[in-house]
Amino acid sequence: MTAQADVRQHPSGSTDGAEAKDPHPTPSTPAEPSSGTGWTEVCPLEKLQPERGVCALVGGEPVAVFRTHDDRLFALHNVDPFSNASVLSRGVVGDLGGTPVVASPLYKQHFALESGQALEDETVRVATYPVRVVNGTVEVGA
Amino acid sequence: MNPRTVVVVGHGMVGHRFVESLRRLDTEDAWKVVVLAEENRPAYDRVALSSYVGDASAEDLTLDEHSDPLVELHLDEPVTGMDLAARTVRTAKGRDVAYDELVIATGSVPFVPPVPGRDLDNVFVYRTLDDLDGLRAAAETAIANAGAGRRAGVVVGGGLLGLEAANALRQLGLSPHVVEMAPRLMPVQVDEGGGALLQRLVSDLGLRVHTGVSTSSIAPDHRGGLTVTLSDDTELDASVVVFSAGIRPADSLAREVGLEVGERGGVLVDDRCRTSAEHVWAIGEVAAVKGRTYGLVAPGYAMAEVVAERLTGGDGRFSEADMSTKLKLLGVDVASFGDAHAASPGALEVTLNDPVAGTYSKLVVSDDATTLLGGILVGDASNYETLRGFLGENLPGDPMSLIAPAGDGAVGVGVDALPDGAQICSCNAVTKGALVAAITSGEATTVPQLKACTRAGTTCGSCVPTLGKVLASCGVEVSKSLCEHFSQSRAELYEIVMATGLRTFSEIVGQYGTGRGCDICKPAVASMLATLAGGHVLDGESATLQDTNDHFLANMQRNGTYSVVPRLPGGEVTPEGLIAIGSVAKDFGLYTKITGGQRIDMFGARVDDLPKIWRRLVDAGFESGHAYGKSLRTVKSCVGTDWCRYGVQDSVGLAVALELRYRGLRSPHKLKSGVSGCARECAEARSKDFGIIATETGWNLYLGGNGGFTPRHAELIASDLDTTTLVRTIDRFLMFYIRTADRLQRTAPWMESLEGGIDHLRDVIMSDSLGICTSLDEQMARHVEGYADEWAAVLEDPEKLERFTSFVNAPGTPDPTIEFVDHLGRRVPAGMKDGQPTDLAALGLGGVPITDGARIPMGAPA
């Protein structure tokens, strides 16, 4: 993936396709940390393999960053709330019922990439973060 | 109203069934049931007795516990006397138990002919689990003491039970002789032609059959064994002798109190199962209905139902019993049903004897050849259920066409053609109509549900395949879809990938699935691609398909760290290897533990450390153990002939060779193996997917065992194989499994799901019945050729190495969420939710309190 234009910047928490194309992400989900330290560089976009996560240290917190097959980017807190282990970036990425998800590598619960919502337990949700690409570099906001 | 009391004497299968039926029918709780049992365990499945020396435990065979509070079961308390006037029975514990109604279900006792020596040690009968425990102990002692030379057992009686007993002896490691007075085996069930074929087939399997002779005497020999002399003066050396020469009704209690008995024994009852005394009933093998006794469980069950009905106001009567029999001994099918010996006036016999195929079929039909009266099938009884369904019915075609081999003008009678009244399960008298009703009412949509709600297939199990066919004929399809992205089963998808040559998930899901896949189909496709395309599991798109364990080539533990297991083929390790592993564990702070598969597991490795750990291990000569993969894990072995006094083959050598051959082989689930150097089985090979046990002349191969949630013993597929045949057979077994199993289906349930079970498997991989063996062999050859150590490859590839980092934007920063504590001297993850090391002393159970100081030090000695 070389052209940045192909990468739609995706505000976390949005499920609306039109909004997903918004070049100015508006971090607004309540689950999101709001320390306001700005954007943290993660890695060059080409190092982010589609449908496989990486973990970045963002303001001292581990954050899982995913790129889906259609080149959308998502960021979730990396700690799996079911196991308390910092592992979500190492899960298998795919979709269930059309919703992009990551499966926890420990006990296989699924988390919607857009909202952080656990599909198996409506009371469980992980924090999401805004993601953008600047000059070919993936950044996560916090 | 206080319930009245029915006392049941005996808790065999029929007594158990009576209690269950009565409690089910007695909806007003009018009856309390007191069961007085002779054995010290509750009723168990005696039909499956011989499986007790094989796969089954006593618990497996135990029938469902009576859960009703109105049932009292007294074990180990046989009835010793009855007082019909006082309506009481006296038990061996001296108790008198009063009854309103008495049901005698004492079953039968084995008949032991008056042969001199029948009271010697190591002479057994074949009736109870205790008998089999004794037989097993004697066989083990004989094998342990006999040293070289064959260990044999003699079975007196070549009927159905005798062949079961011979099978048990064989499974216990003894070579069985079978002595039958009649001119053929199973004289009650089969005719001369069938008997001849049966004898040939079982002889091919190692049974030595002596027909037309009786046993004259049994005498101790000078080596602690027995000499059995036959009526033709043949002398047989034996370690054990088993009498299975028929049964006699256990009617002595009834005789003592003057109940009428049948001419050939048994408590005489009418078709309502009433004895000659008021309030006394008899059911099962002890009962002689109008003078005739029945040695099968199905008529016994029918009698139990009759009495249960009558006690609850019904009007059941025992009608003509179905004496059909189907069994599989050593893989040989034998079935007989209806008027098998053509005793009906004018009956015609249609016989097909195919000595090449090893099948014998006979149908007995009415004089106009339109009505089926009975039949005998030997060698292949796959038509049994269907044919039996036509008993007394008009045949759908020419009789010969029903037994002719497929493709030879056979009409292919399916369950569709069966009338509703056809009995599918003879043990529990369940008709096709009853099954169809359960299916169409929506009560059952799967075979297990069908079994639960109709009880069909819950006794001998022989009709279970037919249950599936009835389901199918009702249009019920069981979904085998892999997941929401693929409507195909794993086996179907495997075939597609193999045939199309597609080599990426994106292409496969694009052309044959929907969506983008998930944590179910992606690893499944990754596994298929590994055995079809080869290459490294982290190459290209494949890397995105792998479960985390395969992705990091290590096993994720509960706190997100990994465990590391280097391969130790056959469990062999050099002192230098042990030191290398030890120093790696010490330097990286890893908790070490010996695994069940004879290897060393190192726990608590951070993802960043994995490449450094493996650099050291690879340099020390180790390679990946694939403990993280659905792939071959280990081939466990005992020390074999190298060191062991008893070993008869080089088990370590074979285990190492097999582990090196199959290392890295990706499969639907993990694969484990073991090789034992003698029948003592120290490597526990029969608990493995493929287990090998040495014999004096070769190897016995067992398939389909596992530990885990549902432990299973592997089944013997072939005996005394030479090493080449052994390896070729395992090659084909593994590849056939890889191609056709469901996702996460281990070999045992896979074999169970194969129609025809292990016999079908044997046909496919040993007789090439599907014509795929060349392809299976080639695929395995490609695997063996193409193997390369996954970890060594990662260490040489900077791109792959980049994955092994906690934080992509802060390489080298350790994950702060990972911490360890030393708990009672054991290094464990810190701050996890549950699980604490157990200190028995702290629980008040005595012993040495576990403290840091009292344990083996984790670090270097000071």
# chains A, B, ... in the order shown; residues from 1 in each chain; ligands from 1
call {"tool": "interface_residues", "arguments": {"of": "chain B", "to": "chain A", "cutoff": "10 Å", "atoms": "only C-alpha atoms", "output": "VMD selection string"}}
result
chain B and resid 483 to 485 506 514 to 523 540 to 541 543 to 549 551 to 552 556 to 561 799 802 to 803 805 to 811 813 815 to 818 831 to 833
call {"tool": "select_by_dssp", "arguments": {"residues": "range 27-101 of chain A", "states": "strand (DSSP E or B)", "output": "PyMOL selection string"}}
result
chain A and resi 39-44+54-58+61-67+72-77+79-80+85-86+92-96+99-101
call {"tool": "write_last_selection", "arguments": {"atoms": "N, CA, C and O atoms", "output": "short mmCIF file (atom, residue, chain, number, x, y, z; two decimals), in the first residue's frame"}}
result
data_model
loop_
_atom_site.label_atom_id
_atom_site.label_comp_id
_atom_site.auth_asym_id
_atom_site.auth_seq_id
_atom_site.Cartn_x
_atom_site.Cartn_y
_atom_site.Cartn_z
N TRP A 39 -1.18 13.35 19.33
CA TRP A 39 -1.03 12.17 18.49
C TRP A 39 0.31 11.50 18.73
O TRP A 39 1.32 12.17 18.89
N THR A 40 0.27 10.17 18.75
CA THR A 40 1.50 9.41 18.96
C THR A 40 1.77 8.58 17.70
O THR A 40 0.87 7.91 17.19
N GLU A 41 3.01 8.65 17.23
CA GLU A 41 3.38 7.85 16.05
C GLU A 41 3.40 6.37 16.40
O GLU A 41 3.85 5.98 17.48
N VAL A 42 2.86 5.56 15.49
CA VAL A 42 2.84 4.11 15.71
C VAL A 42 3.90 3.42 14.86
O VAL A 42 4.86 2.85 15.37
N CYS A 43 3.72 3.51 13.55
CA CYS A 43 4.68 2.89 12.64
C CYS A 43 4.35 3.35 11.23
O CYS A 43 3.27 3.89 10.99
N PRO A 44 5.27 3.12 10.29
CA PRO A 44 4.93 3.42 8.91
C PRO A 44 3.76 2.55 8.47
O PRO A 44 3.65 1.39 8.89
N VAL A 54 -0.89 -4.54 15.49
CA VAL A 54 0.36 -4.27 16.21
C VAL A 54 -0.05 -3.60 17.52
O VAL A 54 -1.17 -3.11 17.67
N CYS A 55 0.90 -3.56 18.46
CA CYS A 55 0.63 -2.87 19.72
C CYS A 55 1.58 -1.68 19.83
O CYS A 55 2.76 -1.80 19.51
N ALA A 56 1.04 -0.53 20.24
CA ALA A 56 1.87 0.67 20.41
C ALA A 56 1.72 1.17 21.84
O ALA A 56 0.71 0.92 22.50
N LEU A 57 2.71 1.88 22.29
CA LEU A 57 2.64 2.50 23.60
C LEU A 57 2.17 3.93 23.38
O LEU A 57 2.85 4.73 22.73
N VAL A 58 1.00 4.24 23.87
CA VAL A 58 0.42 5.57 23.63
C VAL A 58 0.12 6.20 24.98
O VAL A 58 -0.78 5.75 25.70
N GLU A 61 -0.08 3.81 27.73
CA GLU A 61 -1.07 2.73 27.64
C GLU A 61 -0.79 1.88 26.40
O GLU A 61 -0.44 2.41 25.33
N PRO A 62 -0.98 0.58 26.52
CA PRO A 62 -0.83 -0.27 25.34
C PRO A 62 -2.08 -0.17 24.46
O PRO A 62 -3.20 -0.33 24.94
N VAL A 63 -1.88 0.14 23.19
CA VAL A 63 -3.00 0.31 22.28
C VAL A 63 -2.79 -0.60 21.06
O VAL A 63 -1.71 -0.63 20.47
N ALA A 64 -3.84 -1.35 20.73
CA ALA A 64 -3.79 -2.25 19.57
C ALA A 64 -4.25 -1.47 18.34
O ALA A 64 -5.29 -0.81 18.38
N VAL A 65 -3.49 -1.55 17.27
CA VAL A 65 -3.85 -0.84 16.04
C VAL A 65 -4.04 -1.87 14.93
O VAL A 65 -3.19 -2.75 14.73
N PHE A 66 -5.16 -1.76 14.23
CA PHE A 66 -5.49 -2.74 13.19
C PHE A 66 -5.75 -2.03 11.87
O PHE A 66 -6.25 -0.90 11.84
N ARG A 67 -5.43 -2.73 10.80
CA ARG A 67 -5.75 -2.26 9.46
C ARG A 67 -6.58 -3.36 8.81
O ARG A 67 -6.17 -4.52 8.78
N ARG A 72 -9.12 0.33 6.24
CA ARG A 72 -9.55 1.21 7.32
C ARG A 72 -8.66 0.91 8.53
O ARG A 72 -8.17 -0.22 8.70
N LEU A 73 -8.47 1.94 9.37
CA LEU A 73 -7.60 1.78 10.54
C LEU A 73 -8.45 1.89 11.80
O LEU A 73 -9.38 2.69 11.88
N PHE A 74 -8.08 1.10 12.79
CA PHE A 74 -8.80 1.11 14.07
C PHE A 74 -7.80 0.98 15.21
O PHE A 74 -6.74 0.37 15.05
N ALA A 75 -8.16 1.55 16.35
CA ALA A 75 -7.31 1.40 17.53
C ALA A 75 -8.18 1.11 18.74
O ALA A 75 -9.19 1.76 18.98
N LEU A 76 -7.79 0.07 19.49
CA LEU A 76 -8.49 -0.33 20.71
C LEU A 76 -7.46 -0.44 21.83
O LEU A 76 -6.29 -0.74 21.58
N HIS A 77 -7.92 -0.26 23.06
CA HIS A 77 -7.01 -0.55 24.16
C HIS A 77 -6.60 -2.01 24.07
O HIS A 77 -7.42 -2.89 23.73
N VAL A 79 -5.68 -4.21 26.29
CA VAL A 79 -5.95 -5.17 27.37
C VAL A 79 -7.31 -5.82 27.15
O VAL A 79 -8.33 -5.14 27.02
N ASP A 80 -7.30 -7.15 27.09
CA ASP A 80 -8.51 -7.94 26.95
C ASP A 80 -9.21 -7.98 28.30
O ASP A 80 -8.67 -8.53 29.26
N ALA A 85 -5.18 -9.53 30.28
CA ALA A 85 -3.86 -9.61 29.66
C ALA A 85 -3.81 -8.65 28.47
O ALA A 85 -4.83 -8.43 27.80
N SER A 86 -2.64 -8.11 28.24
CA SER A 86 -2.46 -7.11 27.19
C SER A 86 -2.17 -7.81 25.86
O SER A 86 -1.02 -7.99 25.47
N VAL A 92 -6.91 -12.68 15.87
CA VAL A 92 -7.25 -12.81 14.46
C VAL A 92 -8.31 -11.75 14.11
O VAL A 92 -9.29 -11.58 14.82
N VAL A 93 -8.08 -11.04 12.98
CA VAL A 93 -8.99 -9.99 12.54
C VAL A 93 -9.88 -10.54 11.42
O VAL A 93 -9.40 -11.26 10.55
N GLY A 94 -11.15 -10.22 11.48
CA GLY A 94 -12.05 -10.67 10.42
C GLY A 94 -13.36 -9.92 10.55
O GLY A 94 -13.38 -8.78 11.02
N ASP A 95 -14.47 -10.55 10.15
CA ASP A 95 -15.75 -9.90 10.36
C ASP A 95 -16.78 -10.93 10.81
O ASP A 95 -16.68 -12.11 10.52
N LEU A 96 -17.76 -10.46 11.56
CA LEU A 96 -18.88 -11.30 11.96
C LEU A 96 -20.15 -10.52 11.63
O LEU A 96 -20.31 -9.38 12.09
N THR A 99 -19.61 -6.98 10.58
CA THR A 99 -18.91 -6.04 11.46
C THR A 99 -17.44 -6.47 11.60
O THR A 99 -17.17 -7.62 11.94
N PRO A 100 -16.51 -5.54 11.33
CA PRO A 100 -15.12 -5.93 11.52
C PRO A 100 -14.82 -6.18 13.01
O PRO A 100 -15.24 -5.39 13.87
N VAL A 101 -14.15 -7.29 13.30
CA VAL A 101 -13.88 -7.67 14.69
C VAL A 101 -12.46 -8.19 14.85
O VAL A 101 -11.81 -8.58 13.88
#
call {"tool": "closest_residue", "arguments": {"among": "B:Gly570, B:Gly812, B:Glu192, B:Gly534", "to": "His783 in chain B", "atoms": "only C-alpha atoms"}}
result
B:Gly534
call {"tool": "residues_around", "arguments": {"residues": "Arg645 in chain B", "least_positions_apart": "4", "cutoff": "12 Å", "atoms": "only C-alpha atoms", "output": "list of chain:residue names"}}
result
B:Ala144, B:Gly147, B:Ala148, B:Cys638, B:Val639, B:Gly640, B:Thr641, B:Gln649, B:Gly677, B:Cys678, B:Arg680
call {"tool": "residues_around", "arguments": {"residues": "Leu568 in chain B", "least_positions_apart": "6", "cutoff": "9 Å", "atoms": "only C-alpha atoms", "output": "list in words"}}
result
Gln598, Arg599, Ile600, Phe622, Glu623, Gly625, Thr634, Val656 and Glu659 of chain B
call {"tool": "atom_distance", "arguments": {"atom1": "CA of Asp587 in chain B", "atom2": "CA of Arg606 in chain B"}}
result
12.9 Å
call {"tool": "residues_around", "arguments": {"residues": "Ala533 in chain B", "least_positions_apart": "2", "cutoff": "12 Å", "atoms": "only C-alpha atoms", "output": "list in words"}}
result
Tyr494, Val497, Met498, Thr500, Gly501, Leu502, Arg503, Thr504, Val525, Ala526, Ser527, Met528, Leu529, Ala530, Thr531, Gly535, His536, Val537, Asp539, Ser542, Arg666, Gln779, Arg782, His783, Gly786 and Tyr787 of chain B
call {"tool": "select_by_dssp", "arguments": {"residues": "range 46-89 of chain A", "states": "helix (DSSP H, G or I)", "output": "NGL selection string"}}
result
:A and (46-47 or 88-89)
call {"tool": "residues_around", "arguments": {"residues": "Ile218 in chain B", "least_positions_apart": "6", "cutoff": "8 Å", "atoms": "only C-alpha atoms", "output": "VMD selection string"}}
result
chain B and resid 115 to 118 226 to 229
call {"tool": "write_last_selection", "arguments": {"atoms": "C-alpha atoms", "output": "short mmCIF file (atom, residue, chain, number, x, y, z; two decimals), in the first residue's frame"}}
result
data_model
loop_
_atom_site.label_atom_id
_atom_site.label_comp_id
_atom_site.auth_asym_id
_atom_site.auth_seq_id
_atom_site.Cartn_x
_atom_site.Cartn_y
_atom_site.Cartn_z
CA VAL B 115 -14.34 -81.05 32.70
CA PRO B 116 -11.63 -82.25 35.10
CA GLY B 117 -9.56 -79.24 36.12
CA ARG B 118 -12.31 -76.68 35.74
CA LEU B 226 -2.21 -75.07 31.95
CA THR B 227 -2.46 -77.93 29.49
CA VAL B 228 -5.83 -78.32 27.85
CA THR B 229 -6.49 -81.73 26.29
#
call {"tool": "residues_around", "arguments": {"residues": "Leu45 in chain A", "least_positions_apart": "5", "cutoff": "6 Å", "atoms": "only C-alpha atoms", "output": "PyMOL selection string"}}
result
chain A and resi 136-138
call {"tool": "atom_distance", "arguments": {"atom1": "CA of Ser203 in chain B", "atom2": "CA of Leu163 in chain B"}}
result
11.7 Å
call {"tool": "closest_residue", "arguments": {"among": "B:Lys326, B:Arg317, B:Lys480, B:Lys432", "to": "Ala381 in chain B", "atoms": "only C-alpha atoms"}}
result
B:Lys326
